[in-house]
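Structure data follow from run_17.cif (mmCIF, C-alpha atoms):
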data_data
loop_
_atom_site.label_atom_id
_atom_site.label_comp_id
_atom_site.auth_asym_id
_atom_site.auth_seq_id
_atom_site.Cartn_x
_atom_site.Cartn_y
_atom_site.Cartn_z
CA MET Z 214 0.00 0.00 0.00
CA SER Z 215 1.31 3.42 -0.85
CA ASP Z 216 0.66 5.48 2.20
CA GLY Z 217 3.26 8.17 2.20
CA PRO Z 218 2.16 11.23 4.11
CA ALA Z 219 1.52 13.15 0.88
CA VAL Z 220 -0.92 10.61 -0.54
CA PRO Z 221 -4.46 11.64 0.39
CA VAL Z 222 -6.60 8.98 2.01
CA LEU Z 223 -9.28 9.92 -0.49
CA ARG Z 224 -9.21 11.86 -3.72
CA ALA Z 225 -11.92 12.52 -6.28
CA GLU Z 226 -11.73 14.30 -9.59
CA GLY Z 227 -14.52 15.46 -11.87
CA LEU Z 228 -17.23 13.39 -10.18
CA VAL Z 229 -20.57 13.51 -11.96
CA LYS Z 230 -23.76 11.66 -11.13
CA THR Z 231 -27.21 12.13 -12.61
CA HIS Z 232 -30.24 10.28 -11.25
CA HIS Z 233 -32.71 9.12 -13.88
CA GLY Z 234 -36.00 8.41 -12.21
CA GLU Z 235 -39.52 9.48 -12.87
CA GLY Z 236 -39.64 12.97 -14.27
CA ALA Z 237 -36.67 15.05 -15.29
CA PRO Z 238 -33.14 13.75 -14.66
CA VAL Z 239 -31.60 15.09 -11.46
CA ARG Z 240 -28.00 16.22 -11.70
CA ALA Z 241 -27.08 15.34 -8.12
CA VAL Z 242 -23.31 15.74 -8.43
CA ARG Z 243 -22.03 18.10 -11.10
CA GLY Z 244 -18.26 18.01 -11.27
CA VAL Z 245 -16.67 17.60 -7.85
CA ASP Z 246 -12.96 17.64 -7.07
CA LEU Z 247 -12.05 16.72 -3.54
CA SER Z 248 -9.02 15.65 -1.57
CA VAL Z 249 -9.01 14.42 2.02
CA ALA Z 250 -5.66 14.21 3.78
CA ARG Z 251 -4.86 11.39 6.16
CA GLY Z 252 -6.20 12.24 9.60
CA GLU Z 253 -8.39 15.02 8.31
CA PHE Z 254 -12.02 15.48 9.41
CA VAL Z 255 -14.10 17.03 6.63
CA ALA Z 256 -17.77 17.93 6.92
CA VAL Z 257 -20.00 18.41 3.88
CA THR Z 258 -23.05 20.57 4.60
CA GLY Z 259 -25.85 21.89 2.48
CA PRO Z 260 -29.61 21.84 2.10
CA SER Z 261 -31.44 18.57 1.59
CA GLY Z 262 -31.49 17.67 -2.05
CA ALA Z 263 -28.14 19.36 -2.70
CA GLY Z 264 -26.62 16.01 -3.59
CA LYS Z 265 -24.38 15.59 -0.58
CA SER Z 266 -25.59 12.08 0.25
CA THR Z 267 -25.12 11.06 -3.37
CA LEU Z 268 -21.57 12.39 -3.14
CA LEU Z 269 -20.91 10.28 -0.06
CA HIS Z 270 -22.38 7.21 -1.76
CA LEU Z 271 -20.03 7.74 -4.69
CA LEU Z 272 -17.06 8.06 -2.33
CA GLY Z 273 -17.99 4.78 -0.65
CA GLY Z 274 -18.65 2.95 -3.92
CA LEU Z 275 -22.32 2.46 -3.02
CA GLN Z 276 -23.16 4.18 -6.30
CA ARG Z 277 -20.96 4.51 -9.36
CA PRO Z 278 -20.28 7.90 -10.92
CA ASP Z 279 -21.26 8.70 -14.53
CA GLY Z 280 -17.96 10.50 -14.86
CA GLY Z 281 -14.80 11.19 -12.91
CA SER Z 282 -12.50 9.08 -10.76
CA ILE Z 283 -11.87 8.21 -7.13
CA TRP Z 284 -8.59 7.20 -5.53
CA LEU Z 285 -8.37 5.44 -2.17
CA ASP Z 286 -4.94 5.85 -0.62
CA GLY Z 287 -3.61 6.59 -4.08
CA ARG Z 288 -5.24 3.53 -5.67
CA CYS Z 289 -7.48 4.37 -8.61
CA THR Z 290 -10.89 2.71 -8.26
CA ASP Z 291 -11.99 3.11 -11.89
CA SER Z 292 -11.71 -0.58 -12.60
CA PHE Z 293 -13.14 -1.78 -9.28
CA SER Z 294 -15.99 -4.31 -9.53
CA GLU Z 295 -18.92 -4.35 -7.10
CA ALA Z 296 -17.21 -7.19 -5.25
CA ARG Z 297 -13.99 -5.24 -4.99
CA TRP Z 298 -15.83 -2.21 -3.58
CA ALA Z 299 -17.48 -4.52 -1.04
CA VAL Z 300 -14.02 -5.61 0.08
CA GLU Z 301 -12.93 -1.98 0.38
CA ARG Z 302 -15.98 -1.21 2.49
CA ARG Z 303 -15.03 -4.05 4.79
CA LYS Z 304 -11.39 -3.07 5.17
CA ALA Z 305 -10.59 0.43 4.00
CA ILE Z 306 -13.85 2.34 4.48
CA GLY Z 307 -16.25 2.29 7.40
CA ILE Z 308 -19.71 3.77 6.83
CA VAL Z 309 -22.45 4.91 9.20
CA PHE Z 310 -25.90 5.91 7.99
CA GLN Z 311 -28.76 8.02 9.29
CA PHE Z 312 -30.93 4.99 9.99
CA PHE Z 313 -28.13 2.83 11.39
CA ASN Z 314 -28.77 -0.09 8.99
CA LEU Z 315 -28.00 -2.70 11.63
CA VAL Z 316 -28.96 -6.32 10.92
CA SER Z 317 -32.16 -6.52 12.93
CA ASN Z 318 -32.07 -10.25 13.68
CA LEU Z 319 -28.48 -10.28 14.88
CA SER Z 320 -27.40 -9.30 18.40
CA VAL Z 321 -25.34 -6.19 19.04
CA ALA Z 322 -22.21 -8.32 19.47
CA ASP Z 323 -22.82 -10.18 16.18
CA ASN Z 324 -23.52 -6.96 14.30
CA VAL Z 325 -20.14 -5.62 15.33
CA GLU Z 326 -18.18 -8.85 14.86
CA LEU Z 327 -19.66 -9.73 11.48
CA PRO Z 328 -17.53 -7.38 9.34
CA ALA Z 329 -14.40 -8.51 11.18
CA LEU Z 330 -15.20 -12.17 10.54
CA LEU Z 331 -16.03 -11.46 6.89
CA ALA Z 332 -12.67 -9.74 6.58
CA GLY Z 333 -10.96 -12.92 7.77
CA VAL Z 334 -10.14 -11.81 11.30
CA PRO Z 335 -9.85 -14.85 13.64
CA PRO Z 336 -12.98 -15.16 15.84
CA ARG Z 337 -11.11 -14.63 19.05
CA ARG Z 338 -9.63 -11.38 17.84
CA ALA Z 339 -12.94 -10.23 16.38
CA ARG Z 340 -14.45 -10.76 19.79
CA ALA Z 341 -11.69 -8.84 21.54
CA GLU Z 342 -12.06 -5.94 19.11
CA ARG Z 343 -15.80 -5.93 19.62
CA GLU Z 344 -15.46 -5.94 23.41
CA GLU Z 345 -13.01 -3.08 23.33
CA LEU Z 346 -15.13 -0.95 21.02
CA LEU Z 347 -18.40 -1.55 22.85
CA ALA Z 348 -16.74 -0.66 26.14
CA GLU Z 349 -15.29 2.46 24.59
CA LEU Z 350 -18.71 3.45 23.28
CA GLY Z 351 -20.40 2.88 26.63
CA LEU Z 352 -22.34 -0.17 25.48
CA GLU Z 353 -21.14 -2.78 27.98
CA GLY Z 354 -23.97 -5.06 28.96
CA LYS Z 355 -25.78 -4.55 25.65
CA GLU Z 356 -23.90 -7.28 23.76
CA ARG Z 357 -26.83 -9.66 23.71
CA SER Z 358 -29.50 -7.06 23.03
CA MET Z 359 -31.16 -6.95 19.65
CA PRO Z 360 -30.94 -3.63 17.75
CA GLY Z 361 -34.69 -3.04 18.12
CA GLU Z 362 -34.35 -3.03 21.91
CA LEU Z 363 -31.91 -0.10 21.86
CA SER Z 364 -32.51 3.64 21.67
CA GLY Z 365 -31.58 5.47 18.49
CA GLY Z 366 -28.44 6.86 20.08
CA GLU Z 367 -27.36 3.40 21.19
CA GLN Z 368 -28.04 1.92 17.77
CA GLN Z 369 -25.89 4.60 16.17
CA ARG Z 370 -23.07 3.78 18.57
CA VAL Z 371 -23.34 0.11 17.60
CA ALA Z 372 -23.21 1.17 13.94
CA LEU Z 373 -20.10 3.21 14.70
CA ALA Z 374 -18.47 0.20 16.38
CA ARG Z 375 -19.35 -1.93 13.35
CA ALA Z 376 -17.88 0.67 11.00
CA LEU Z 377 -14.63 0.88 12.94
CA VAL Z 378 -14.07 -2.73 13.92
CA ASN Z 379 -11.62 -3.34 11.06
CA HIS Z 380 -9.75 -0.07 11.68
CA PRO Z 381 -10.52 1.41 8.25
CA PRO Z 382 -8.34 4.39 7.31
CA LEU Z 383 -11.49 6.27 6.27
CA LEU Z 384 -14.84 6.70 8.00
CA LEU Z 385 -17.80 7.99 5.98
CA ALA Z 386 -20.81 9.25 7.94
CA ASP Z 387 -24.10 10.10 6.24
CA GLU Z 388 -26.30 12.27 8.52
CA PRO Z 389 -25.29 10.13 11.51
CA ALA Z 390 -27.36 12.28 13.87
CA GLY Z 391 -30.22 12.82 11.45
CA SER Z 392 -32.65 10.69 13.38
CA LEU Z 393 -31.35 11.42 16.88
CA ASP Z 394 -32.46 13.94 19.49
CA SER Z 395 -30.15 16.68 20.64
CA LYS Z 396 -28.58 14.53 23.35
CA GLY Z 397 -27.87 11.79 20.82
CA THR Z 398 -26.43 14.39 18.45
CA ARG Z 399 -24.01 15.63 21.10
CA GLU Z 400 -22.99 12.05 21.80
CA VAL Z 401 -22.24 11.34 18.13
CA MET Z 402 -20.33 14.60 17.92
CA ARG Z 403 -18.25 13.74 20.97
CA LEU Z 404 -17.42 10.29 19.61
CA LEU Z 405 -16.48 11.49 16.13
CA SER Z 406 -14.22 14.10 17.71
CA ARG Z 407 -12.63 11.50 19.91
CA PHE Z 408 -11.86 9.09 17.05
CA HIS Z 409 -10.64 11.99 14.95
CA GLY Z 410 -8.35 13.00 17.82
CA ARG Z 411 -6.70 9.60 17.48
CA GLY Z 412 -6.04 10.10 13.80
CA GLN Z 413 -9.19 8.72 12.17
CA SER Z 414 -9.89 10.33 8.78
CA ILE Z 415 -13.58 11.24 8.54
CA VAL Z 416 -15.91 12.55 5.86
CA LEU Z 417 -19.20 13.58 7.42
CA VAL Z 418 -22.31 14.63 5.51
CA THR Z 419 -24.72 16.63 7.64
CA HIS Z 420 -27.17 19.51 7.52
CA ASP Z 421 -26.46 20.16 11.21
CA ALA Z 422 -23.92 22.96 11.64
CA ARG Z 423 -23.26 21.97 15.23
CA LEU Z 424 -22.10 18.57 14.07
CA ALA Z 425 -20.17 20.07 11.16
CA SER Z 426 -18.31 22.41 13.48
CA ALA Z 427 -16.51 19.42 14.98
CA ALA Z 428 -14.64 19.05 11.66
CA ASP Z 429 -11.37 20.69 10.60
CA ARG Z 430 -12.84 21.70 7.32
CA VAL Z 431 -16.35 22.42 6.12
CA ILE Z 432 -17.43 22.08 2.50
CA SER Z 433 -20.66 23.84 1.58
CA PHE Z 434 -22.47 21.86 -1.06
CA PHE Z 435 -25.14 23.45 -3.21
CA ASP Z 436 -26.88 22.08 -6.22
CA GLY Z 437 -24.35 19.33 -6.82
CA ARG Z 438 -21.30 21.53 -6.56
CA ILE Z 439 -18.84 22.74 -3.95
CA ALA Z 440 -19.80 26.35 -3.17
CA ASP Z 441 -17.20 26.88 -0.48
CA ASP Z 442 -14.42 24.93 1.17
CA ALA Z 443 -13.28 26.45 4.45
CA ALA Z 444 -10.75 25.34 7.03
CA LEU Z 445 -12.02 26.00 10.54
CA ASP Z 446 -9.16 27.24 12.61
CA GLY Z 447 -11.14 27.58 15.78
CA THR Z 448 -8.85 30.36 16.92
CA PRO Z 449 -10.72 33.20 18.55
CA SER Z 450 -11.27 35.88 15.94
CA ARG Z 451 -10.80 39.60 16.34
CA ARG Z 452 -14.60 39.84 16.22
CA PRO Z 453 -16.85 39.45 19.24
CA GLY Z 454 -17.54 35.92 17.92
CA THR Z 455 -18.15 33.52 20.74
CA SER Z 456 -18.29 35.98 23.57
CA GLY Z 457 -20.53 38.26 21.52
CA VAL Z 458 -23.01 35.48 20.89
CA LEU Z 459 -23.02 34.65 24.57
CA LYS Z 460 -23.06 38.13 25.93
CA LEU Z 461 -25.93 38.84 28.24
CA ARG Z 462 -27.22 42.35 28.04
CA ASP Z 463 -26.09 45.00 30.53
CA MET K 500 -25.78 43.52 35.03
CA ARG K 501 -28.21 45.44 37.27
CA LEU K 502 -31.02 42.95 37.50
CA PRO K 503 -28.84 39.86 37.83
CA LEU K 504 -27.12 41.48 40.81
CA LEU K 505 -30.47 42.29 42.38
CA ALA K 506 -31.54 38.70 41.79
CA LEU K 507 -28.44 37.41 43.57
CA LEU K 508 -29.17 39.72 46.51
CA ALA K 509 -32.73 38.40 46.78
CA ARG K 510 -31.24 35.40 48.53
CA GLY K 511 -29.58 37.46 51.25
CA PRO K 512 -26.98 40.19 51.85
CA ALA K 513 -23.60 39.89 50.14
CA HIS K 514 -20.57 42.01 49.27
CA GLY K 515 -19.30 42.80 45.79
CA TYR K 516 -16.66 40.14 45.48
CA GLU K 517 -19.05 37.42 46.65
CA LEU K 518 -21.49 38.46 43.96
CA LYS K 519 -18.80 38.20 41.30
CA GLN K 520 -17.95 34.69 42.44
CA ASP K 521 -21.61 33.67 42.54
CA LEU K 522 -22.13 34.85 38.98
CA GLU K 523 -19.05 33.02 37.74
CA GLN K 524 -20.04 29.82 39.41
CA LEU K 525 -23.58 29.98 38.10
CA LEU K 526 -22.78 30.80 34.49
CA GLY K 527 -19.50 28.93 34.12
CA SER K 528 -16.75 29.69 31.68
CA ALA K 529 -19.32 30.29 28.93
CA TYR K 530 -20.12 33.73 30.17
CA PRO K 531 -17.44 36.40 29.74
CA GLN K 532 -16.27 36.95 33.31
CA PRO K 533 -17.69 40.16 34.76
CA ASN K 534 -14.90 42.33 36.07
CA VAL K 535 -15.07 43.28 39.68
CA GLY K 536 -14.85 47.01 38.97
CA GLN K 537 -17.95 46.80 36.80
CA ILE K 538 -19.77 45.08 39.64
CA TYR K 539 -18.81 47.75 42.18
CA VAL K 540 -19.89 50.51 39.83
CA THR K 541 -23.24 48.81 39.23
CA LEU K 542 -23.76 48.29 42.97
CA GLY K 543 -23.06 51.99 43.52
CA ARG K 544 -25.74 52.91 40.98
CA LEU K 545 -28.25 50.47 42.44
CA GLU K 546 -27.67 52.00 45.85
CA LYS K 547 -28.11 55.52 44.52
CA SER K 548 -31.45 54.57 42.98
CA GLY K 549 -32.59 53.06 46.24
CA LEU K 550 -32.86 49.47 45.05
CA ILE K 551 -30.22 48.22 47.48
CA GLU K 552 -28.61 49.49 50.66
CA GLY K 553 -25.01 49.03 51.74
CA GLU K 554 -23.61 48.76 55.24
CA ASP K 555 -19.94 49.08 56.04
CA VAL K 556 -18.52 46.14 57.88
CA GLU K 557 -15.25 46.62 59.67
CA GLN K 558 -12.44 44.22 58.97
CA SER K 559 -9.45 44.01 61.28
CA SER K 560 -6.53 44.05 58.86
CA ARG K 561 -8.19 45.31 55.68
CA PRO K 562 -10.29 48.25 54.58
CA ASN K 563 -13.98 48.06 55.44
CA LYS K 564 -16.13 46.07 53.08
CA LYS K 565 -19.64 46.95 52.13
CA VAL K 566 -22.40 44.37 52.47
CA TYR K 567 -25.47 45.06 50.39
CA HIS K 568 -29.06 44.02 50.85
CA LEU K 569 -32.17 44.40 48.74
CA THR K 570 -34.67 47.15 49.59
CA ASP K 571 -38.43 46.87 49.08
CA ALA K 572 -38.06 48.95 45.93
CA GLY K 573 -35.38 46.52 44.76
CA ARG K 574 -37.65 43.57 45.34
CA GLU K 575 -40.37 45.38 43.41
CA ALA K 576 -37.97 45.96 40.48
CA LEU K 577 -37.08 42.28 40.50
CA HIS K 578 -40.75 41.27 40.41
CA ALA K 579 -41.27 43.55 37.43
CA TRP K 580 -38.20 42.01 35.72
CA PHE K 581 -39.56 38.49 36.02
CA GLU K 582 -43.03 39.63 34.89
CA GLU K 583 -41.75 41.13 31.66
CA THR K 584 -41.00 39.09 28.55
CA GLU K 585 -37.90 39.81 26.50
CA ASP K 586 -37.55 41.03 22.93
CA GLU K 587 -37.09 38.47 20.17
CA PRO K 588 -33.62 38.02 18.72
CA ARG K 589 -33.19 40.00 15.53
CA VAL K 590 -32.04 39.00 12.09
CA ARG K 591 -28.46 40.13 11.52
CA ASP K 592 -29.60 43.34 9.93
CA GLU K 593 -26.24 44.75 8.90
CA PHE K 594 -25.48 41.60 6.96
CA PHE K 595 -28.94 41.70 5.43
CA MET K 596 -28.35 45.24 4.20
CA LYS K 597 -25.07 44.16 2.59
CA LEU K 598 -26.82 41.25 0.92
CA ALA K 599 -29.67 43.41 -0.33
CA LEU K 600 -27.45 46.18 -1.64
CA ALA K 601 -24.45 44.29 -3.01
CA PRO K 602 -25.79 43.71 -6.54
CA GLN K 603 -26.32 47.37 -7.32
CA THR K 604 -22.87 48.40 -6.15
CA GLY K 605 -21.02 45.96 -8.38
CA LEU K 606 -18.37 45.77 -5.64
CA THR K 607 -18.96 42.22 -4.46
CA ASP K 608 -21.31 39.38 -5.22
CA GLN K 609 -23.90 37.98 -2.88
CA ILE K 610 -22.61 34.42 -2.85
CA ALA K 611 -19.15 35.64 -1.79
CA LEU K 612 -20.79 37.61 1.02
CA ILE K 613 -22.72 34.56 2.15
CA ASN K 614 -19.63 32.36 2.05
CA ARG K 615 -17.60 34.78 4.12
CA GLN K 616 -20.35 35.16 6.69
CA ARG K 617 -20.81 31.40 6.87
CA ARG K 618 -17.12 30.87 7.58
CA GLN K 619 -17.31 33.21 10.51
CA TYR K 620 -20.43 31.54 11.93
CA LEU K 621 -18.86 28.11 11.54
CA ASN K 622 -15.73 29.19 13.36
CA THR K 623 -17.83 30.63 16.16
CA MET K 624 -19.83 27.41 16.25
CA ARG K 625 -16.59 25.49 16.61
CA ASN K 626 -15.51 27.71 19.49
CA LEU K 627 -18.84 27.17 21.18
CA SER K 628 -18.43 23.40 20.82
CA LYS K 629 -15.03 23.66 22.43
CA LEU K 630 -16.44 25.78 25.20
CA ALA K 631 -19.16 23.19 25.80
CA ALA K 632 -16.61 20.39 25.89
CA ALA K 633 -14.48 22.28 28.41
CA GLU K 634 -17.36 23.28 30.68
CA ASN K 635 -18.11 21.26 33.78
CA ARG K 636 -20.71 18.67 32.79
CA ASP K 637 -22.78 19.26 35.88
CA ASN K 638 -23.25 22.95 35.28
CA ARG K 639 -26.58 22.77 33.50
CA ILE K 640 -27.13 26.50 33.37
CA ALA K 641 -23.81 27.05 31.61
CA HIS K 642 -24.56 24.27 29.12
CA LEU K 643 -28.00 25.65 28.38
CA LEU K 644 -26.47 29.04 27.70
CA ILE K 645 -24.01 27.56 25.21
CA GLU K 646 -26.68 25.40 23.62
CA GLY K 647 -28.89 28.46 23.20
CA ALA K 648 -26.09 30.31 21.47
CA MET K 649 -25.48 27.30 19.19
CA LEU K 650 -29.13 27.01 18.23
CA HIS K 651 -29.30 30.70 17.36
CA LEU K 652 -26.21 30.31 15.23
CA GLN K 653 -27.69 27.21 13.61
CA ALA K 654 -30.75 29.25 12.67
CA ASP K 655 -28.54 31.96 11.17
CA LEU K 656 -26.67 29.32 9.18
CA ASP K 657 -29.94 27.78 7.97
CA TRP K 658 -31.05 31.20 6.83
CA LEU K 659 -27.75 31.77 4.96
CA GLU K 660 -28.39 28.45 3.26
CA ARG K 661 -31.84 29.62 2.19
CA CYS K 662 -30.36 32.85 0.84
CA GLN K 663 -27.80 30.90 -1.12
CA GLU K 664 -30.40 28.52 -2.58
CA GLU K 665 -32.60 31.38 -3.69
CA LEU K 666 -29.84 33.59 -5.05
CA GLU K 667 -27.93 30.85 -6.87
CA GLU K 668 -31.04 30.01 -8.87
CA LEU K 669 -30.95 33.50 -10.31
CA GLU K 670 -27.40 33.14 -11.58
#
I'd like the structure from this file rewritten - as structure tokens, please.
Amino acid sequence: MSDGPAVPVLRAEGLVKTHHGEGAPVRAVRGVDLSVARGEFVAVTGPSGAGKSTLLHLLGGLQRPDGGSIWLDGRCTDSFSEARWAVERRKAIGIVFQFFNLVSNLSVADNVELPALLAGVPPRRARAEREELLAELGLEGKERSMPGELSGGEQQRVALARALVNHPPLLLADEPAGSLDSKGTREVMRLLSRFHGRGQSIVLVTHDARLASAADRVISFFDGRIADDAALDGTPSRRPGTSGVLKLRD
Amino acid sequence: MRLPLLALLARGPAHGYELKQDLEQLLGSAYPQPNVGQIYVTLGRLEKSGLIEGEDVEQSSRPNKKVYHLTDAGREALHAWFEETEDEPRVRDEFFMKLALAPQTGLTDQIALINRQRRQYLNTMRNLSKLAAAENRDNRIAHLLIEGAMLHLQADLDWLERCQEELEELE
């Protein structure tokens, strides 16, 4: 694997995707260039229907672009088959979705261990990884629960454990707090920040600015295109900024 | 600052420095720390207007300190404060004027204005997240203050998004 520091964990060039359904074709992604450095946390925000979820699906190989190319760790994916993408999603890319997409008739423990076992990890190690992650995510004691018995926030944490069990270099998150209450949102935000702090590369699609503000970089996506790409420095600005927003009146 | 100080004194007499500490503890790091001079000045004004009264208390090795208590008029003012509702937050009107007027000046375009403004809001949002992460988890009042600020900012960001959607269609 070529993983010199200069090789981005993810790179896309000229991505185009048009949905042909009923009615007029929808140009969901209209020429996107994007590079995500190793260890970077990038948020993509924009109104619903802007095409940001389609973009994420292209990046994870869940949909194929009509034009353009994607490189994972410097490897061009143009010639990847569906099966090859499935392997990448097991090993190189972890994905979490808005509606968790857990296997409803498998226990929490099995949901998390399954991708490890499919990737050829010995059962004992898969189990150890699962135990460590569930403990880390505050889910001890829930191993034998079924997904339907958990709250939304808990299900999303299980989904996060499942996505990270094989230590993928890249985590893709599609509105991970979209169906959670504000407490669940804060929890997801805290966890993403924590994994990012340990070097996890993350691409997060969200309409929630609070969630997006956990990222190093925010891409504003409008009408299938990148409208703005801003690094958040988080350094206090010369403006009233934070203290101005919080200031109680005299 | 006037009414919050009155509210703190409703509980019982206190001196200036105590009031500063009470405020800090209640509001946490989220609230820009009131400086002690500002508090003494405000207490002086409250006393002049008859809402509180101060009594000098002798201290052996230090200058006298002044302990304040609420007067009946002060209690009345506090009642009135709680009775009243507050004004709604306002749309960022200066930004709105820029947005409305930019096209006719030919000096900048609206999307650039929106992008710049969004960057600032996002940076502030990030600072608020950091503030929330650093604040003591048990201080609910402080967390509610930060969350309120974040929700306002979220609304401003949503509105910027609406502006961008509408204005990009015209391009």
Of the candidates Z:Gln369, Z:Ser292, Z:Thr258, Z:Ser248, which one gets nearest to chain K if we count all atoms listed in the file? Z:Thr258
In terms of the shortest atom-to-atom distance over all atoms listed in the file, which of Z:Ser406, Z:Asn318, Z:Gln413, Z:Asn324 is closest to chain K? Z:Ser406
Write out as a list in words the residues lying within 12 Å of Thr290 in chain Z, counting only C-alpha atoms and excluding same-chain residues fewer than 3 positions away. Leu223, Arg224, Ala225, Glu226, Leu271, Leu272, Gly273, Gly274, Arg277, Pro278, Gly281, Ser282, Ile283, Trp284, Leu285, Asp286, Gly287, Phe293, Ser294, Glu295, Arg297, Trp298 and Glu301 of chain Z
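You can rank K:Ala513, K:Ala572, K:Ala529, K:Leu659 by their closest distance to chain Z using all atoms listed in the file, and at the top of that list sits K:Ala529.
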Would you please work out which residue, of Z:Val239, Z:Ala372, Z:Val249, Z:Val257, is nearest to Leu417 in chain Z when using all atoms listed in the file? Z:Val257
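Across the structure, CA of Ala579 in chain K and CA of Asn534 in chain K are spaced 26.4 Å apart.
CA of Val418 in chain Z sits 8.0 Å away from CA of Leu385 in chain Z.
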Quick check: residues of chain K within 9 Å of chain Z, all atoms listed in the file, returned as a PyMOL selection string. chain K and resi 500-502+529-531+610+614+618-629+632+644-645+647-653+656-657+660-661+663-664+667
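For Ser358 in chain Z, the list of residues within 6 Å, based on all atoms listed in the file and with local chain neighbours fewer than 2 positions off taken out, reads Ser320, Val321, Lys355 and Glu356 of chain Z.
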Within 6 Å of Gly227 in chain Z using all atoms listed in the file, minus same-chain residues under 5 positions, as a ChimeraX atom specification: /Z:244-246,281
Sel. within 10 Å of pt (-19.3, 30.9, 32.1), counting only C-alpha atoms, output as a ChimeraX atom specification: /Z:456,459 /K:522-533,630-631,634-635,638,640-642,644-645
Applied to the shown file, which residues does the PyMOL selection byres ((chain K and resi 512) around 7) return, written as a PyMOL selection string? chain K and resi 508+511+513+566-568
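If you apply the PyMOL selection byres ((chain K and resi 505) around 8) to this structure, you end up with Arg501, Leu502, Pro503, Leu504, Ala506, Leu507, Leu508, Ala509, Ile551, Leu569, Gly573, Arg574 and Leu577 of chain K.
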Take CA of Leu373 in chain Z and CA of Phe408 in chain Z and report the distance between them in Å, one decimal. 10.4 Å
Determine the residue membership of the PyMOL selection byres ((chain K and resi 539) around 12) for the file above and supply it as an MDAnalysis selection string. chainID K and resid 500:501 504 514:519 533:538 540:546 553 564:567
Report, as JSON, the axis-aligned box around all atoms of range 428-443 of chain Z present in the file, extended by 6 Å on each side; give centre and edge lengths in Å to one decimal place.
{"center_x": -19.1, "center_y": 23.0, "center_z": 2.4, "size_x": 27.5, "size_y": 19.8, "size_z": 30.5}
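Counting all atoms listed in the file and comparing Z:Val220, Z:Ile306, Z:Val325, Z:Ala256, the residue that lies closest to Arg357 in chain Z is Z:Val325.
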